[in-house]
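K.L.:
This is structure.txt, which holds compact mmCIF, C-alpha atoms:
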```txt
# COMPACT_ATOMS: atom_id res chain seq x y z
CA MET A 1 20.47 -85.22 61.26
CA GLU A 2 24.23 -84.90 60.95
CA ARG A 3 25.89 -84.85 64.35
CA ASP A 4 27.69 -81.52 63.94
CA MET A 5 24.54 -79.59 63.01
CA THR A 6 22.53 -77.41 65.40
CA PRO A 7 19.27 -79.11 66.42
CA ILE A 8 16.37 -76.81 65.49
CA ASN A 9 12.76 -77.73 66.11
CA GLY A 10 10.85 -78.26 62.86
CA VAL A 11 13.99 -78.49 60.70
CA THR A 12 15.59 -81.39 58.84
CA TYR A 13 18.99 -80.83 57.26
CA TYR A 14 19.49 -81.70 53.61
CA ARG A 15 22.90 -82.19 51.98
CA PRO A 16 22.56 -81.20 48.31
CA PRO A 17 24.36 -82.96 45.48
CA SER A 18 27.50 -81.24 44.23
CA GLY A 19 26.74 -78.49 41.71
CA SER A 20 23.16 -77.89 42.88
CA GLU A 21 21.72 -74.44 42.25
CA VAL A 22 18.61 -72.52 43.28
CA SER A 23 17.04 -69.78 41.20
CA GLY A 24 14.18 -67.42 41.98
CA LEU A 25 12.55 -64.05 41.32
CA ASP A 26 12.44 -64.77 37.57
CA GLY A 27 16.12 -65.57 37.45
CA LYS A 28 17.22 -62.42 39.29
CA VAL A 29 18.49 -64.54 42.18
CA VAL A 30 20.74 -67.54 41.55
CA PHE A 31 22.98 -69.19 44.11
CA SER A 32 24.67 -72.54 44.57
CA LEU A 33 23.82 -75.01 47.32
CA GLY A 34 26.36 -76.84 49.42
CA PRO A 35 28.69 -78.16 50.43
CA GLU A 36 27.15 -77.43 53.86
CA PRO A 37 23.79 -79.02 54.71
CA ILE A 38 20.72 -76.85 54.13
CA PRO A 39 17.99 -76.45 56.78
CA LEU A 40 14.57 -77.33 55.42
CA LEU A 41 11.23 -77.29 57.17
CA ASP A 42 10.23 -80.86 57.96
CA GLU A 43 7.27 -80.76 55.57
CA ASP A 44 9.42 -79.39 52.74
CA TYR A 45 12.01 -82.10 53.34
CA ARG A 46 9.33 -84.80 53.21
CA ALA A 47 8.01 -83.39 49.93
CA LEU A 48 11.35 -83.54 48.10
CA ALA A 49 10.76 -86.96 46.57
CA GLY A 50 14.39 -87.15 45.45
CA GLN A 51 14.43 -83.68 43.92
CA VAL A 52 16.63 -80.71 44.81
CA PRO A 53 14.64 -78.22 46.93
CA GLY A 54 13.36 -75.12 45.16
CA TYR A 55 13.87 -71.42 45.91
CA ASP A 56 10.85 -71.10 48.20
CA ALA A 57 11.67 -74.21 50.26
CA VAL A 58 15.27 -73.13 50.79
CA GLY A 59 14.15 -69.66 51.82
CA ARG A 60 11.62 -70.95 54.31
CA GLY A 61 14.18 -73.26 55.89
CA VAL A 62 17.01 -70.75 56.11
CA TYR A 63 14.71 -68.04 57.48
CA HIS A 64 13.27 -70.36 60.13
CA ALA A 65 16.70 -71.65 61.18
CA LEU A 66 18.19 -68.17 61.61
CA ARG A 67 15.18 -66.90 63.54
CA GLN A 68 15.35 -69.86 65.90
CA ASP A 69 19.13 -69.74 66.39
CA PRO A 70 21.15 -66.99 64.68
CA GLY A 71 24.29 -68.60 66.08
CA CYS A 72 23.62 -71.99 64.51
CA ARG A 73 26.24 -73.93 62.59
CA TYR A 74 26.90 -72.29 59.20
CA CYS A 75 24.88 -69.21 60.22
CA GLU A 76 27.12 -66.92 58.11
CA ARG A 77 26.45 -68.98 55.00
CA TYR A 78 22.71 -69.10 55.70
CA ALA A 79 22.65 -65.33 56.16
CA GLU A 80 24.39 -64.90 52.81
CA MET A 81 21.68 -67.05 51.23
CA LEU A 82 18.94 -65.05 52.99
CA LYS A 83 20.05 -61.96 51.07
CA GLY A 84 18.39 -63.57 48.07
CA TYR A 85 14.99 -63.28 49.80
CA PRO A 86 14.25 -59.54 50.08
CA HIS A 87 10.73 -60.16 51.42
CA TYR A 88 12.16 -61.99 54.44
CA VAL A 89 14.80 -59.30 55.04
CA SER A 90 12.08 -56.63 54.88
CA GLU A 91 9.93 -58.61 57.31
CA LEU A 92 12.83 -58.88 59.76
CA ALA A 93 13.42 -55.12 59.59
CA SER A 94 9.72 -54.46 60.27
CA TYR A 95 9.76 -56.73 63.33
CA ILE A 96 12.86 -55.01 64.72
CA LEU A 97 11.34 -51.56 64.29
CA MET A 98 8.09 -52.65 65.89
CA LEU A 99 9.86 -54.15 68.91
CA GLY A 100 12.04 -51.07 69.30
CA GLU A 101 9.23 -48.52 69.25
CA LYS A 102 7.40 -49.60 72.39
CA ASP A 103 8.09 -50.82 75.91
CA VAL A 104 7.96 -54.60 75.62
CA GLU A 105 8.36 -57.49 78.04
CA VAL A 106 11.58 -59.48 78.40
CA PRO A 107 10.66 -62.29 75.95
CA TYR A 108 10.24 -59.67 73.23
CA LEU A 109 13.60 -58.13 74.10
CA GLU A 110 15.13 -61.58 73.63
CA ARG A 111 13.38 -61.87 70.27
CA ARG A 112 14.69 -58.43 69.23
CA VAL A 113 18.23 -59.53 70.07
CA LYS A 114 17.83 -62.62 67.88
CA LEU A 115 16.55 -60.56 64.93
CA LEU A 116 19.34 -58.00 65.32
CA ARG A 117 21.88 -60.81 65.37
CA ILE A 118 20.59 -61.94 61.96
CA PHE A 119 21.13 -58.43 60.57
CA SER A 120 24.58 -58.43 62.14
CA LEU A 121 25.30 -61.53 60.06
CA LEU A 122 23.88 -59.88 56.94
CA GLU A 123 25.98 -56.73 57.45
CA PRO A 124 28.95 -57.71 59.65
CA GLU A 125 30.71 -54.35 59.21
CA ASN A 126 27.68 -52.26 60.20
CA ALA A 127 28.14 -50.91 63.74
CA HIS A 128 24.43 -50.17 64.15
CA PHE A 129 23.47 -53.78 64.80
CA PRO A 130 25.96 -54.72 67.55
CA LEU A 131 25.19 -51.35 69.16
CA GLU A 132 21.45 -52.05 69.18
CA ILE A 133 22.08 -55.57 70.51
CA GLY A 134 24.15 -54.14 73.36
CA VAL A 135 21.50 -51.52 74.18
CA THR A 136 18.76 -54.17 74.21
CA LEU A 137 20.78 -56.55 76.40
CA LEU A 138 21.43 -53.75 78.90
CA ASP A 139 17.69 -53.07 79.03
CA GLN A 140 17.03 -56.77 79.56
CA ALA A 141 19.65 -57.06 82.31
CA CYS A 142 17.98 -54.33 84.35
CA ARG A 143 14.43 -55.67 84.08
CA PHE A 144 13.28 -57.04 87.43
CA SER A 145 11.74 -60.12 85.84
CA ALA A 146 15.14 -61.03 84.33
CA LEU A 147 17.61 -60.03 87.04
CA HIS A 148 18.66 -63.67 87.48
CA LEU A 149 20.12 -63.43 83.95
CA SER A 150 21.76 -60.04 84.41
CA THR A 151 25.38 -61.24 84.61
CA ALA A 152 25.22 -63.19 81.36
CA ALA A 153 23.27 -60.42 79.62
CA LEU A 154 25.75 -57.73 80.66
CA PHE A 155 28.83 -59.66 79.57
CA ARG A 156 27.16 -60.30 76.20
CA ALA A 157 26.25 -56.60 75.97
CA GLU A 158 29.86 -55.64 76.61
CA GLN A 159 31.08 -57.89 73.79
CA TYR A 160 28.64 -56.43 71.26
CA LEU A 161 29.29 -52.84 72.35
CA ASP A 162 33.05 -53.35 72.12
CA ARG A 163 32.49 -54.60 68.59
CA ALA A 164 30.32 -51.59 67.72
CA ARG A 165 33.06 -49.30 69.00
CA GLU A 166 35.67 -51.10 66.90
CA LEU A 167 33.52 -50.58 63.80
CA ALA A 168 32.40 -46.99 64.29
CA GLY A 169 34.67 -45.36 66.84
CA ASP A 170 33.55 -43.26 69.78
CA GLN A 171 29.91 -42.59 68.99
CA PRO A 172 28.28 -40.98 72.06
CA ARG A 173 25.47 -43.54 72.34
CA CYS A 174 27.93 -46.41 72.16
CA LEU A 175 30.24 -44.82 74.74
CA THR A 176 27.35 -44.06 77.10
CA THR A 177 25.92 -47.56 76.95
CA LEU A 178 29.28 -49.29 77.21
CA ALA A 179 30.22 -47.12 80.21
CA GLU A 180 26.99 -48.08 82.02
CA VAL A 181 27.58 -51.77 81.28
CA SER A 182 31.20 -51.52 82.43
CA PHE A 183 30.19 -49.81 85.67
CA LEU A 184 27.55 -52.46 86.39
CA LEU A 185 30.19 -55.16 85.87
CA GLY A 186 32.55 -53.44 88.30
CA LYS A 187 34.99 -52.39 85.57
CA TYR A 188 35.37 -48.88 86.98
CA ASP A 189 38.56 -47.91 85.16
CA LYS A 190 36.99 -48.79 81.82
CA ALA A 191 33.79 -46.92 82.69
CA ALA A 192 35.78 -43.86 83.75
CA SER A 193 37.80 -43.87 80.54
CA LEU A 194 34.62 -44.01 78.46
CA TRP A 195 32.93 -41.22 80.43
CA ARG A 196 36.03 -39.02 80.05
CA ALA A 197 35.86 -39.56 76.28
CA LEU A 198 32.22 -38.45 76.40
CA LEU A 199 32.80 -35.18 78.29
CA PRO A 200 33.42 -32.96 75.23
CA GLU A 201 30.24 -34.27 73.58
CA VAL A 202 27.61 -33.69 76.26
CA GLU A 203 25.62 -30.67 77.46
CA GLU A 204 26.59 -28.80 80.62
CA GLN A 205 24.12 -30.53 82.96
CA ALA A 206 25.13 -34.00 81.76
CA LYS A 207 28.78 -32.94 81.93
CA ALA A 208 28.40 -32.01 85.60
CA GLU A 209 26.81 -35.39 86.34
CA LEU A 210 29.59 -37.24 84.54
CA LYS A 211 32.27 -35.27 86.36
CA ALA A 212 30.62 -36.11 89.69
CA ARG A 213 30.63 -39.82 88.83
CA LEU A 214 34.26 -39.63 87.75
CA GLU A 215 35.22 -37.91 90.99
CA ARG A 216 33.48 -40.65 92.99
CA ILE A 217 35.37 -43.33 91.08
CA ASP A 218 38.66 -41.49 91.65
CA ARG A 219 37.91 -41.41 95.39
CA GLY A 220 36.94 -45.07 95.45
CA GLU A 221 33.32 -44.24 96.25
CA VAL A 222 31.83 -47.17 94.35
CA PRO A 223 29.56 -50.08 95.36
CA ARG A 224 31.19 -52.59 97.75
CA VAL A 225 30.71 -55.30 95.13
CA PRO A 226 29.96 -54.95 91.41
CA ALA A 227 26.40 -53.71 90.95
CA VAL A 228 25.57 -56.77 88.87
CA ASP A 229 26.08 -58.90 91.99
CA TYR A 230 23.40 -56.85 93.73
CA LEU A 231 21.06 -57.35 90.78
CA GLU A 232 21.54 -61.11 91.06
CA ALA A 233 21.04 -60.86 94.84
CA ILE A 234 17.74 -59.04 94.34
CA ALA A 235 16.65 -61.82 91.98
CA GLY A 236 17.53 -64.32 94.70
CA ALA A 237 15.50 -62.36 97.26
CA MET A 238 12.52 -62.34 94.91
CA ALA A 239 12.74 -66.10 94.53
CA LEU A 240 13.02 -66.58 98.31
CA ARG A 241 9.95 -64.45 98.91
CA GLU A 242 7.94 -66.48 96.42
CA GLU A 243 8.95 -69.61 98.36
CA GLY A 244 7.95 -68.08 101.70
CA GLY A 245 11.45 -67.14 102.84
CA TYR A 246 10.42 -63.64 103.92
CA GLN A 247 13.10 -63.21 106.60
CA GLU A 248 15.89 -64.31 104.30
CA ALA A 249 14.64 -62.09 101.47
CA THR A 250 14.42 -59.13 103.86
CA ALA A 251 18.01 -59.66 105.01
CA ILE A 252 19.30 -59.70 101.42
CA LEU A 253 17.38 -56.59 100.39
CA ASN A 254 18.50 -54.70 103.50
CA ASP A 255 22.10 -55.59 102.68
CA VAL A 256 21.66 -54.23 99.15
CA MET A 257 20.09 -51.00 100.42
CA ALA A 258 22.86 -50.57 102.99
CA ASP A 259 25.38 -49.90 100.22
CA ALA A 260 25.02 -46.13 99.90
CA TRP A 261 27.07 -45.89 96.71
CA PHE A 262 24.95 -48.50 94.94
CA ALA A 263 21.79 -46.66 96.06
CA LEU A 264 23.22 -43.38 94.76
CA GLU A 265 24.23 -44.76 91.36
CA PHE A 266 21.14 -46.93 90.90
CA PRO A 267 18.11 -45.47 92.71
CA MET A 268 15.68 -48.37 92.19
CA ALA A 269 12.25 -47.91 93.73
CA GLU A 270 11.57 -51.61 93.32
CA ILE A 271 14.02 -52.51 96.10
CA PRO A 272 12.20 -50.74 98.98
CA TYR A 273 8.93 -51.85 97.39
CA LEU A 274 10.01 -55.49 97.61
CA LEU A 275 11.14 -54.91 101.18
CA ALA A 276 7.72 -53.48 101.97
CA LEU A 277 6.05 -56.59 100.57
CA CYS A 278 8.28 -58.79 102.76
CA CYS A 279 7.42 -56.69 105.82
CA LYS A 280 3.74 -56.97 104.97
CA ASP A 281 4.13 -60.76 104.67
CA LEU A 282 5.76 -60.76 108.12
CA GLY A 283 2.95 -58.69 109.63
CA ALA A 284 5.10 -55.56 110.09
CA ALA A 285 2.72 -53.00 108.59
CA ALA A 286 4.55 -49.95 109.98
CA ASP A 287 7.84 -51.04 108.40
CA ALA A 288 6.03 -51.78 105.15
CA ARG A 289 4.61 -48.24 105.08
CA PHE A 290 8.09 -46.82 105.70
CA TYR A 291 9.58 -48.65 102.73
CA LEU A 292 6.64 -47.86 100.46
CA ARG A 293 7.09 -44.14 101.17
CA GLN A 294 10.78 -44.56 100.39
CA ALA A 295 9.92 -46.21 97.07
CA LEU A 296 7.58 -43.33 96.21
CA ARG A 297 10.27 -40.76 97.02
CA ILE A 298 12.47 -42.45 94.43
CA ASN A 299 9.64 -42.81 91.90
CA PRO A 300 6.49 -40.79 92.64
CA GLU A 301 4.76 -42.46 89.65
CA PHE A 302 5.16 -45.98 91.09
CA SER A 303 1.48 -46.93 91.05
CA GLU A 304 1.89 -50.36 92.68
CA ALA A 305 3.66 -48.79 95.66
CA GLN A 306 0.99 -46.10 95.96
CA THR A 307 -1.79 -48.68 95.90
CA ALA A 308 -0.04 -50.85 98.49
CA LEU A 309 0.50 -47.83 100.74
CA GLU A 310 -3.15 -46.83 100.54
CA GLN A 311 -4.18 -50.37 101.50
CA LEU A 312 -1.91 -50.26 104.57
CA GLU A 313 -2.82 -46.79 105.81
CA PRO A 314 -4.49 -47.03 109.27
```
Please render this file's structure as structure tokens.
P.N.:
Amino acid sequence: MERDMTPINGVTYYRPPSGSEVSGLDGKVVFSLGPEPIPLLDEDYRALAGQVPGYDAVGRGVYHALRQDPGCRYCERYAEMLKGYPHYVSELASYILMLGEKDVEVPYLERRVKLLRIFSLLEPENAHFPLEIGVTLLDQACRFSALHLSTAALFRAEQYLDRARELAGDQPRCLTTLAEVSFLLGKYDKAASLWRALLPEVEEQAKAELKARLERIDRGEVPRVPAVDYLEAIAGAMALREEGGYQEATAILNDVMADAWFALEFPMAEIPYLLALCCKDLGAAADARFYLRQALRINPEFSEAQTALEQLEP
């Protein structure tokens, strides 16, 4: 493999002779190959026998490469080639819709981001795709199983949402999501500016909530540290608990809960629930019950907390 190419499992890069062309769909699709190397599946590369790869082989390789790494070297060129394979484009769209219609685990959110990034390459001036990437990354950043990645996910979300705003202006969904991301990152002036731009667009109840948040920002009533730092701290506490560091985890979670403005802006039932588990591990059943009741006040539908409370009731 050429040294400047992106390593992709199952792919061998092929540099076509000058003037090579590929044609398919009964001549309806014709495009030139090169000068950049073309990703081919290993088995298709081995089957070349000195011949230029055909339409199907090129399509399989390009599709695989983009799905594995939509930021790979020459990704823009590969995306342009993929437009000649409508069945693959349709398949990508179906996957994105499927992953967006149900509550999925973090690995599937990561897969959705990759697929959306391919469409962003196919239609670089379409604001829908960077917006959906930003929304998905925000969702991922707030999932408890992925809190250790929240900082990177939120900064990436901000970049894509800024791009969506450049392309389509102040769409309410874009402004709302970008404001939430900005607030989590501790960029309070940016968040406030976005929420003020939203005020004329929202209903009265939402307008009152936005005005209250803006007033808190104006008064400096914001978390002591950016909320994303607390998310990373919670991830650290979870890791400590898994390693048996119950006291250390408890100290971190108590510090997070002690920030009243973070608790107000982000009422997360999982935090007192985790504290309850630590107390249970330490043999402090009464404290565990206290935190479980607190978790259920935040989220009465929190079934794990309800079950744990029932098990600890005297």
K.L.:
What does the distance from atom CA of Ala168 of chain A to atom CA of Ala127 of chain A come to in Å, to one decimal?
P.N.:
5.8 Å
K.L.:
Mind checking which residues fall within 10 Å of Ala157 of chain A, counting only C-alpha atoms, ignoring those fewer than 5 positions away in the same chain, and posting them as a ChimeraX atom specification?
P.N.:
/A:130-141,151-152,162-163,177-178,181-182
K.L.:
Enclose all atoms of segment 37-43 of chain A listed in the file in an axis-aligned box, grow every side by 8 Å, and hand back centre and edge lengths in Å to one decimal, as lines of an AutoDock Vina configuration file.
P.N.:
```
center_x = 15.5
center_y = -78.7
center_z = 56.0
size_x = 32.5
size_y = 20.4
size_z = 19.8
```
K.L.:
Within 8 Å of (20.8, -59.9, 87.1) in the file's own coordinates, which protein, DNA or RNA residues have an atom, counting all atoms listed in the file? List them as a PyMOL selection string.
P.N.:
chain A and resi 141-142+146-153+228-235
K.L.:
Using atom CA of Gly59 of chain A and atom CA of Lys28 of chain A as the two end points, give the distance in Å to one decimal.
P.N.:
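Between atom CA of Gly59 of chain A and atom CA of Lys28 of chain A the gap is 14.8 Å.
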K.L.:
Hey, can you check how far atom CA of Gly220 of chain A sits from atom CA of Pro200 of chain A?
P.N.:
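According to the coordinates, atom CA of Gly220 of chain A and atom CA of Pro200 of chain A are separated by 23.8 Å.
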K.L.:
Residues at most 12 Å from Trp195 of chain A, counting all atoms listed in the file, excluding those fewer than 4 positions away in the same chain, as a count of residues only?
P.N.:
33
K.L.:
Taking 2 positions as the minimum chain separation for residues in the same chain, which residues sit within 10 Å of segment 280-291 of chain A when counting all atoms listed in the file? Answer as a PyMOL selection string.
P.N.:
chain A and resi 241+244-247+250+269+271-278+293-297+305+308-314
K.L.:
Env of segment 74-86 of chain A: 7 Å cut, atoms = all atoms listed in the file, seq-sep filter 5 positions within chain, self excluded. Answer as a VMD selection string.
P.N.:
chain A and resid 29 59 62 to 63 66 121 to 122
K.L.:
Counting only C-alpha atoms, which residue out of A:Pro7, A:Gly54, A:Gly61, A:Gly100 sits closest to Leu25 of chain A?
P.N.:
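That would be A:Gly54, the residue with the smallest distance to Leu25 of chain A.
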K.L.:
If we count all atoms listed in the file and set the cut-off at 10 Å, which residues sit around Val52 of chain A, ignoring sequence neighbours fewer than 5 positions away in its own chain? Please answer as a ChimeraX atom specification.
P.N.:
/A:14-17,20-22,33,45,57-58
K.L.:
Using only C-alpha atoms, can you tell me which of A:Thr6, A:Ser32, A:Gln51, A:Thr12 comes closest to Pro70 of chain A?
P.N.:
A:Thr6
K.L.:
I need the residue nearest His87 of chain A from this list: A:Glu105, A:Gly186, A:Arg60, A:Arg67. Use only C-alpha atoms for the distance.
P.N.:
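The closest residue to His87 of chain A is A:Arg60.
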K.L.:
Under the rule that all atoms listed in the file are counted, which of A:Ser23, A:Ser94, A:Ser120, A:Thr307 is the nearest residue to Gly71 of chain A?
P.N.:
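Of A:Ser23, A:Ser94, A:Ser120, A:Thr307, the one nearest Gly71 of chain A, counting all atoms listed in the file, is A:Ser120.
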K.L.:
Nearest to Ile118 of chain A: which of A:Val256, A:Leu92, A:Val106, A:Met98 is it, counting all atoms listed in the file?
P.N.:
A:Leu92
K.L.:
Smallest atom-to-atom distance to Asp44 of chain A: which of A:Val11, A:Val104, A:Met238, A:Leu167, using only C-alpha atoms?
P.N.:
A:Val11
